[in-house]
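Peer 1: entry16.tsv is reproduced below (TSV, N, CA and C atoms).
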```
chain	number	residue	atom	x	y	z
A	1447	MET	N	128.03	155.73	89.21
A	1447	MET	CA	127.98	157.13	89.56
A	1447	MET	C	128.79	157.91	88.52
A	1448	ILE	N	128.18	158.93	88.01
A	1448	ILE	CA	128.82	159.77	87.00
A	1448	ILE	C	129.57	160.93	87.65
A	1449	LYS	N	128.94	161.58	88.63
A	1449	LYS	CA	129.54	162.74	89.31
A	1449	LYS	C	129.24	162.60	90.80
A	1450	PRO	N	130.26	162.47	91.66
A	1450	PRO	CA	130.00	162.20	93.08
A	1450	PRO	C	129.68	163.42	93.93
A	1451	ASP	N	129.98	164.62	93.47
A	1451	ASP	CA	129.79	165.81	94.30
A	1451	ASP	C	128.38	166.38	94.15
A	1452	ASN	N	128.10	167.38	94.95
A	1452	ASN	CA	126.78	168.02	94.95
A	1452	ASN	C	126.62	168.94	93.73
A	1453	PRO	N	125.68	168.69	92.85
A	1453	PRO	CA	124.77	167.54	92.89
A	1453	PRO	C	125.46	166.26	92.41
A	1454	CYS	N	124.95	165.15	92.92
A	1454	CYS	CA	125.48	163.83	92.55
A	1454	CYS	C	124.64	163.28	91.40
A	1455	TYR	N	125.29	162.80	90.35
A	1455	TYR	CA	124.59	162.21	89.21
A	1455	TYR	C	124.79	160.71	89.22
A	1456	ILE	N	123.71	159.96	89.23
A	1456	ILE	CA	123.75	158.50	89.19
A	1456	ILE	C	122.99	158.06	87.95
A	1457	LYS	N	123.55	157.13	87.19
A	1457	LYS	CA	122.92	156.68	85.96
A	1457	LYS	C	122.67	155.17	86.02
A	1458	PRO	N	121.54	154.76	86.62
A	1458	PRO	CA	121.20	153.34	86.61
A	1458	PRO	C	120.38	153.01	85.36
A	1459	ALA	N	120.80	152.02	84.63
A	1459	ALA	CA	120.08	151.58	83.43
A	1459	ALA	C	119.85	152.74	82.47
A	1460	ASN	N	118.60	153.00	82.12
A	1460	ASN	CA	118.27	154.01	81.11
A	1460	ASN	C	117.74	155.31	81.70
A	1461	THR	N	118.20	155.68	82.89
A	1461	THR	CA	117.69	156.89	83.51
A	1461	THR	C	118.79	157.61	84.27
A	1462	TRP	N	118.53	158.81	84.71
A	1462	TRP	CA	119.46	159.58	85.52
A	1462	TRP	C	118.76	159.93	86.83
A	1463	ILE	N	119.50	159.85	87.93
A	1463	ILE	CA	119.02	160.34	89.22
A	1463	ILE	C	119.98	161.45	89.63
A	1464	ILE	N	119.44	162.59	89.95
A	1464	ILE	CA	120.26	163.72	90.39
A	1464	ILE	C	119.92	163.98	91.85
A	1465	LEU	N	120.93	163.89	92.73
A	1465	LEU	CA	120.73	164.09	94.16
A	1465	LEU	C	121.37	165.40	94.58
A	1466	ASN	N	120.59	166.24	95.22
A	1466	ASN	CA	121.07	167.50	95.76
A	1466	ASN	C	120.94	167.44	97.27
A	1467	SER	N	121.98	167.83	98.00
A	1467	SER	CA	121.89	167.82	99.46
A	1467	SER	C	121.46	169.18	100.01
A	1468	CYS	N	121.69	170.23	99.28
A	1468	CYS	CA	121.26	171.56	99.72
A	1468	CYS	C	121.41	172.53	98.56
A	1469	GLY	N	120.85	173.70	98.70
A	1469	GLY	CA	121.00	174.69	97.64
A	1469	GLY	C	120.13	175.90	97.86
A	1470	GLY	N	120.52	176.95	97.25
A	1470	GLY	CA	119.78	178.20	97.37
A	1470	GLY	C	118.62	178.26	96.41
A	1471	PRO	N	117.90	179.34	96.44
A	1471	PRO	CA	116.76	179.49	95.55
A	1471	PRO	C	117.19	179.52	94.08
A	1472	THR	N	116.27	179.14	93.22
A	1472	THR	CA	116.51	179.21	91.78
A	1472	THR	C	115.63	180.31	91.19
A	1473	PHE	N	115.88	180.68	89.97
A	1473	PHE	CA	115.13	181.79	89.37
A	1473	PHE	C	113.63	181.51	89.31
A	1474	ASP	N	113.26	180.24	89.14
A	1474	ASP	CA	111.83	179.91	89.04
A	1474	ASP	C	111.17	179.67	90.40
A	1475	LYS	N	111.97	179.49	91.46
A	1475	LYS	CA	111.43	179.29	92.81
A	1475	LYS	C	112.26	180.11	93.81
A	1476	PRO	N	112.17	181.42	93.76
A	1476	PRO	CA	113.04	182.27	94.58
A	1476	PRO	C	112.80	182.16	96.09
A	1477	GLU	N	111.66	181.59	96.50
A	1477	GLU	CA	111.36	181.47	97.93
A	1477	GLU	C	111.72	180.10	98.49
A	1478	VAL	N	112.19	179.17	97.65
A	1478	VAL	CA	112.42	177.79	98.08
A	1478	VAL	C	113.90	177.54	98.34
A	1479	LEU	N	114.20	177.01	99.54
A	1479	LEU	CA	115.56	176.61	99.90
A	1479	LEU	C	115.56	175.10	100.17
A	1480	LEU	N	116.59	174.43	99.74
A	1480	LEU	CA	116.76	173.00	100.01
A	1480	LEU	C	117.83	172.87	101.08
A	1481	GLU	N	117.51	172.20	102.19
A	1481	GLU	CA	118.48	172.04	103.26
A	1481	GLU	C	118.31	170.69	103.92
A	1482	THR	N	119.38	170.24	104.58
A	1482	THR	CA	119.34	168.99	105.32
A	1482	THR	C	118.40	169.15	106.50
A	1483	PRO	N	117.57	168.15	106.79
A	1483	PRO	CA	116.65	168.26	107.94
A	1483	PRO	C	117.41	168.45	109.25
A	1484	SER	N	116.86	169.24	110.15
A	1484	SER	CA	117.51	169.45	111.45
A	1484	SER	C	117.40	168.21	112.32
A	1485	ASP	N	116.37	167.41	112.14
A	1485	ASP	CA	116.19	166.17	112.90
A	1485	ASP	C	116.28	165.00	111.92
A	1486	LEU	N	117.39	164.27	111.96
A	1486	LEU	CA	117.60	163.17	111.02
A	1486	LEU	C	116.75	161.95	111.33
A	1487	ASN	N	115.99	161.98	112.43
A	1487	ASN	CA	115.08	160.88	112.77
A	1487	ASN	C	113.68	161.12	112.22
A	1488	ARG	N	113.49	162.21	111.48
A	1488	ARG	CA	112.18	162.52	110.87
A	1488	ARG	C	112.38	162.66	109.37
A	1489	ALA	N	111.44	162.13	108.63
A	1489	ALA	CA	111.51	162.23	107.17
A	1489	ALA	C	110.16	162.66	106.62
A	1490	ASN	N	110.18	163.35	105.49
A	1490	ASN	CA	108.92	163.72	104.86
A	1490	ASN	C	108.80	163.13	103.47
A	1491	SER	N	109.80	162.33	103.08
A	1491	SER	CA	109.72	161.64	101.78
A	1491	SER	C	110.69	160.48	101.76
A	1492	PHE	N	110.45	159.58	100.83
A	1492	PHE	CA	111.33	158.43	100.65
A	1492	PHE	C	111.54	158.19	99.18
A	1493	LEU	N	112.64	157.58	98.85
A	1493	LEU	CA	112.92	157.14	97.49
A	1493	LEU	C	113.20	155.65	97.58
A	1494	ASN	N	112.35	154.84	96.99
A	1494	ASN	CA	112.54	153.39	97.00
A	1494	ASN	C	113.14	152.96	95.67
A	1495	LEU	N	114.22	152.19	95.74
A	1495	LEU	CA	114.88	151.68	94.55
A	1495	LEU	C	114.87	150.17	94.59
A	1496	ARG	N	114.59	149.55	93.47
A	1496	ARG	CA	114.68	148.10	93.34
A	1496	ARG	C	116.01	147.77	92.70
A	1497	VAL	N	116.73	146.83	93.28
A	1497	VAL	CA	118.02	146.42	92.75
A	1497	VAL	C	118.05	144.90	92.64
A	1498	ALA	N	118.89	144.39	91.75
A	1498	ALA	CA	118.96	142.94	91.53
A	1498	ALA	C	119.58	142.22	92.73
A	1499	ASP	N	120.58	142.81	93.37
A	1499	ASP	CA	121.28	142.18	94.48
A	1499	ASP	C	121.37	143.18	95.63
A	1500	ILE	N	120.42	143.11	96.57
A	1500	ILE	CA	120.35	144.09	97.65
A	1500	ILE	C	121.59	144.07	98.52
A	1501	TRP	N	122.16	142.90	98.81
A	1501	TRP	CA	123.35	142.83	99.65
A	1501	TRP	C	124.53	143.54	98.98
A	1502	ALA	N	124.76	143.27	97.70
A	1502	ALA	CA	125.88	143.91	96.99
A	1502	ALA	C	125.70	145.43	96.97
A	1503	CYS	N	124.48	145.88	96.73
A	1503	CYS	CA	124.20	147.32	96.70
A	1503	CYS	C	124.39	147.94	98.09
A	1504	TYR	N	123.84	147.29	99.11
A	1504	TYR	CA	123.98	147.79	100.49
A	1504	TYR	C	125.46	147.88	100.87
A	1505	LYS	N	126.23	146.84	100.57
A	1505	LYS	CA	127.65	146.81	100.91
A	1505	LYS	C	128.42	147.90	100.16
A	1506	GLN	N	128.18	148.01	98.84
A	1506	GLN	CA	128.90	149.01	98.04
A	1506	GLN	C	128.58	150.42	98.52
A	1507	TRP	N	127.30	150.72	98.71
A	1507	TRP	CA	126.93	152.07	99.13
A	1507	TRP	C	127.42	152.35	100.56
A	1508	SER	N	127.34	151.36	101.45
A	1508	SER	CA	127.82	151.54	102.82
A	1508	SER	C	129.33	151.79	102.82
A	1509	ASP	N	130.04	151.03	102.02
A	1509	ASP	CA	131.50	151.22	101.92
A	1509	ASP	C	131.86	152.61	101.42
A	1510	GLN	N	130.95	153.24	100.67
A	1510	GLN	CA	131.21	154.58	100.13
A	1510	GLN	C	130.65	155.67	101.03
A	1511	GLY	N	130.13	155.29	102.21
A	1511	GLY	CA	129.69	156.28	103.18
A	1511	GLY	C	128.19	156.48	103.30
A	1512	ALA	N	127.39	155.73	102.55
A	1512	ALA	CA	125.94	155.89	102.64
A	1512	ALA	C	125.45	155.43	104.01
A	1513	LEU	N	124.45	156.12	104.54
A	1513	LEU	CA	123.82	155.75	105.80
A	1513	LEU	C	122.40	155.30	105.52
A	1514	PHE	N	121.98	154.24	106.17
A	1514	PHE	CA	120.64	153.70	105.98
A	1514	PHE	C	119.89	153.73	107.31
A	1515	PRO	N	118.57	154.02	107.28
A	1515	PRO	CA	117.81	154.06	108.53
A	1515	PRO	C	117.66	152.69	109.18
A	1516	LEU	N	117.84	151.62	108.40
A	1516	LEU	CA	117.75	150.26	108.91
A	1516	LEU	C	119.04	149.51	108.60
A	1517	SER	N	119.36	148.55	109.44
A	1517	SER	CA	120.50	147.69	109.15
A	1517	SER	C	120.11	146.71	108.04
A	1518	TYR	N	121.10	146.07	107.45
A	1518	TYR	CA	120.81	145.08	106.41
A	1518	TYR	C	119.95	143.96	106.99
A	1519	ARG	N	120.23	143.54	108.22
A	1519	ARG	CA	119.45	142.46	108.84
A	1519	ARG	C	117.98	142.88	108.98
A	1520	ALA	N	117.73	144.11	109.40
A	1520	ALA	CA	116.36	144.60	109.54
A	1520	ALA	C	115.67	144.69	108.18
A	1521	ILE	N	116.41	145.09	107.17
A	1521	ILE	CA	115.84	145.15	105.82
A	1521	ILE	C	115.43	143.76	105.36
A	1522	ARG	N	116.28	142.77	105.59
A	1522	ARG	CA	115.96	141.38	105.20
A	1522	ARG	C	114.74	140.89	105.96
A	1523	GLN	N	114.65	141.17	107.27
A	1523	GLN	CA	113.52	140.72	108.06
A	1523	GLN	C	112.23	141.36	107.57
A	1524	ALA	N	112.26	142.63	107.25
A	1524	ALA	CA	111.07	143.31	106.76
A	1524	ALA	C	110.63	142.80	105.40
A	1525	GLY	N	111.62	142.42	104.58
A	1525	GLY	CA	111.32	142.00	103.21
A	1525	GLY	C	110.72	140.61	103.09
A	1526	ASN	N	111.22	139.65	103.90
A	1526	ASN	CA	110.70	138.30	103.73
A	1526	ASN	C	110.56	137.53	105.03
A	1527	GLY	N	110.75	138.18	106.15
A	1527	GLY	CA	110.55	137.53	107.43
A	1527	GLY	C	111.72	136.67	107.89
A	1528	ALA	N	112.76	136.56	107.09
A	1528	ALA	CA	113.90	135.72	107.47
A	1528	ALA	C	115.17	136.56	107.58
A	1529	ALA	N	115.82	136.49	108.68
A	1529	ALA	CA	117.07	137.22	108.86
A	1529	ALA	C	118.24	136.33	108.42
A	1530	THR	N	119.26	136.97	107.88
A	1530	THR	CA	120.45	136.23	107.50
A	1530	THR	C	121.66	136.81	108.19
```
Could you write out this structure as structure tokens?
Peer 2:
Amino acid sequence: MIKPDNPCYIKPANTWIILNSCGGPTFDKPEVLLETPSDLNRANSFLNLRVADIWACYKQWSDQGALFPLSYRAIRQAGNGAAT
């Protein structure tokens, strides 16, 4: 992670990911507002990331406050049918 605050800059490998949690309109989109969904049980998009070690990534991000819609056990079951 390069910058932890809003916006958050993450630099995995040869790319940058910029995460914004909210924000006002910009000059090119004056009618568009970015805001946190009112119902956190509904989503209209997903970002899937492939990582070399899912457990290490899950643990590191969880330790830093990340929330996941599924537990690690559920993720493992969905991925290969075997829970650990």
Peer 1: Restricting the calculation to only C-alpha atoms, which member of A:Ser1491, A:Thr1472, A:Leu1486, A:Leu1480 is positioned closest to Leu1513 in chain A?
Peer 2: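 The answer is A:Leu1486, which sits nearest to Leu1513 in chain A.
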Peer 1: Taking all listed atoms of range 1471-1485 of chain A, build the axis-aligned box, pad each of the six sides by 4 Å, then write its centre and edge lengths in Å to one decimal as JSON.
Peer 2:
```
{"center_x": 115.3, "center_y": 173.6, "center_z": 101.0, "size_x": 16.2, "size_y": 25.3, "size_z": 31.9}
```
Peer 1: CA of Gly1469 in chain A and atom N of Val1497 in chain A, how far apart in Å?
Peer 2: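 Pair atom N of Val1497 in chain A / CA of Gly1469 in chain A returns 28.5 Å.
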Peer 1: Do you have the CA of Tyr1504 in chain A-CA of Ala1520 in chain A distance handy?
Peer 2: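 Distance between the two atoms: 12.3 Å.
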Peer 1: Can you tell me how far CA of Asn1487 in chain A sits from CA of Gln1510 in chain A, in Å to one decimal?
Peer 2: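 Here the two named atoms are 21.4 Å from each other.
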Peer 1: I want to know what sits within 12 Å of Phe1492 in chain A, based on only C-alpha atoms, with residues of the same chain fewer than 4 positions away left out; could you give that as JSON, numbers by chain?
Peer 2: {"A": [1488, 1514, 1515]}
Peer 1: Using the selection just defined, write its residues with N, CA and C atoms as a PDB file, keeping the file's coordinate frame.
Peer 2:
```
ATOM      1  N   ARG A1488     113.490 162.210 111.480  1.00  0.00           N
ATOM      2  CA  ARG A1488     112.180 162.520 110.870  1.00  0.00           C
ATOM      3  C   ARG A1488     112.380 162.660 109.370  1.00  0.00           C
ATOM      4  N   PHE A1514     121.980 154.240 106.170  1.00  0.00           N
ATOM      5  CA  PHE A1514     120.640 153.700 105.980  1.00  0.00           C
ATOM      6  C   PHE A1514     119.890 153.730 107.310  1.00  0.00           C
ATOM      7  N   PRO A1515     118.570 154.020 107.280  1.00  0.00           N
ATOM      8  CA  PRO A1515     117.810 154.060 108.530  1.00  0.00           C
ATOM      9  C   PRO A1515     117.660 152.690 109.180  1.00  0.00           C
TER      10      PRO A1515
END
```
Peer 1: Where does DSSP see strand (DSSP E or B) in chain A, if you list the residues as a ChimeraX atom specification?
Peer 2: /A:1449,1454-1456,1463-1465,1469,1472,1475,1480
Peer 1: Compile the contact shell of Trp1501 in chain A as a list in words: residues with an atom at most 8 Å away, counting only N, CA and C atoms, same-chain residues fewer than 5 positions apart removed.
Peer 2: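 Non-adjacent residues within range: Gln1506, Trp1507 and Tyr1518 of chain A.
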Peer 1: As a list in words, please: all residues of chain A that backbone DSSP puts in helix (DSSP H, G or I).
Peer 2: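 Selection result, helix (DSSP H, G or I) within chain A: Ile1500, Trp1501, Ala1502, Cys1503, Tyr1504, Lys1505, Gln1506, Trp1507, Ser1508, Asp1509, Tyr1518, Arg1519, Ala1520, Ile1521, Arg1522, Gln1523, Ala1524, Gly1525 and Asn1526 of chain A.
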Peer 1: Would you mind listing what lies within 6 Å of Cys1454 in chain A as a PyMOL selection string, with all atoms listed in the file counted and same-chain residues fewer than 5 positions away left out?
Peer 2: chain A and resi 1449+1463-1466
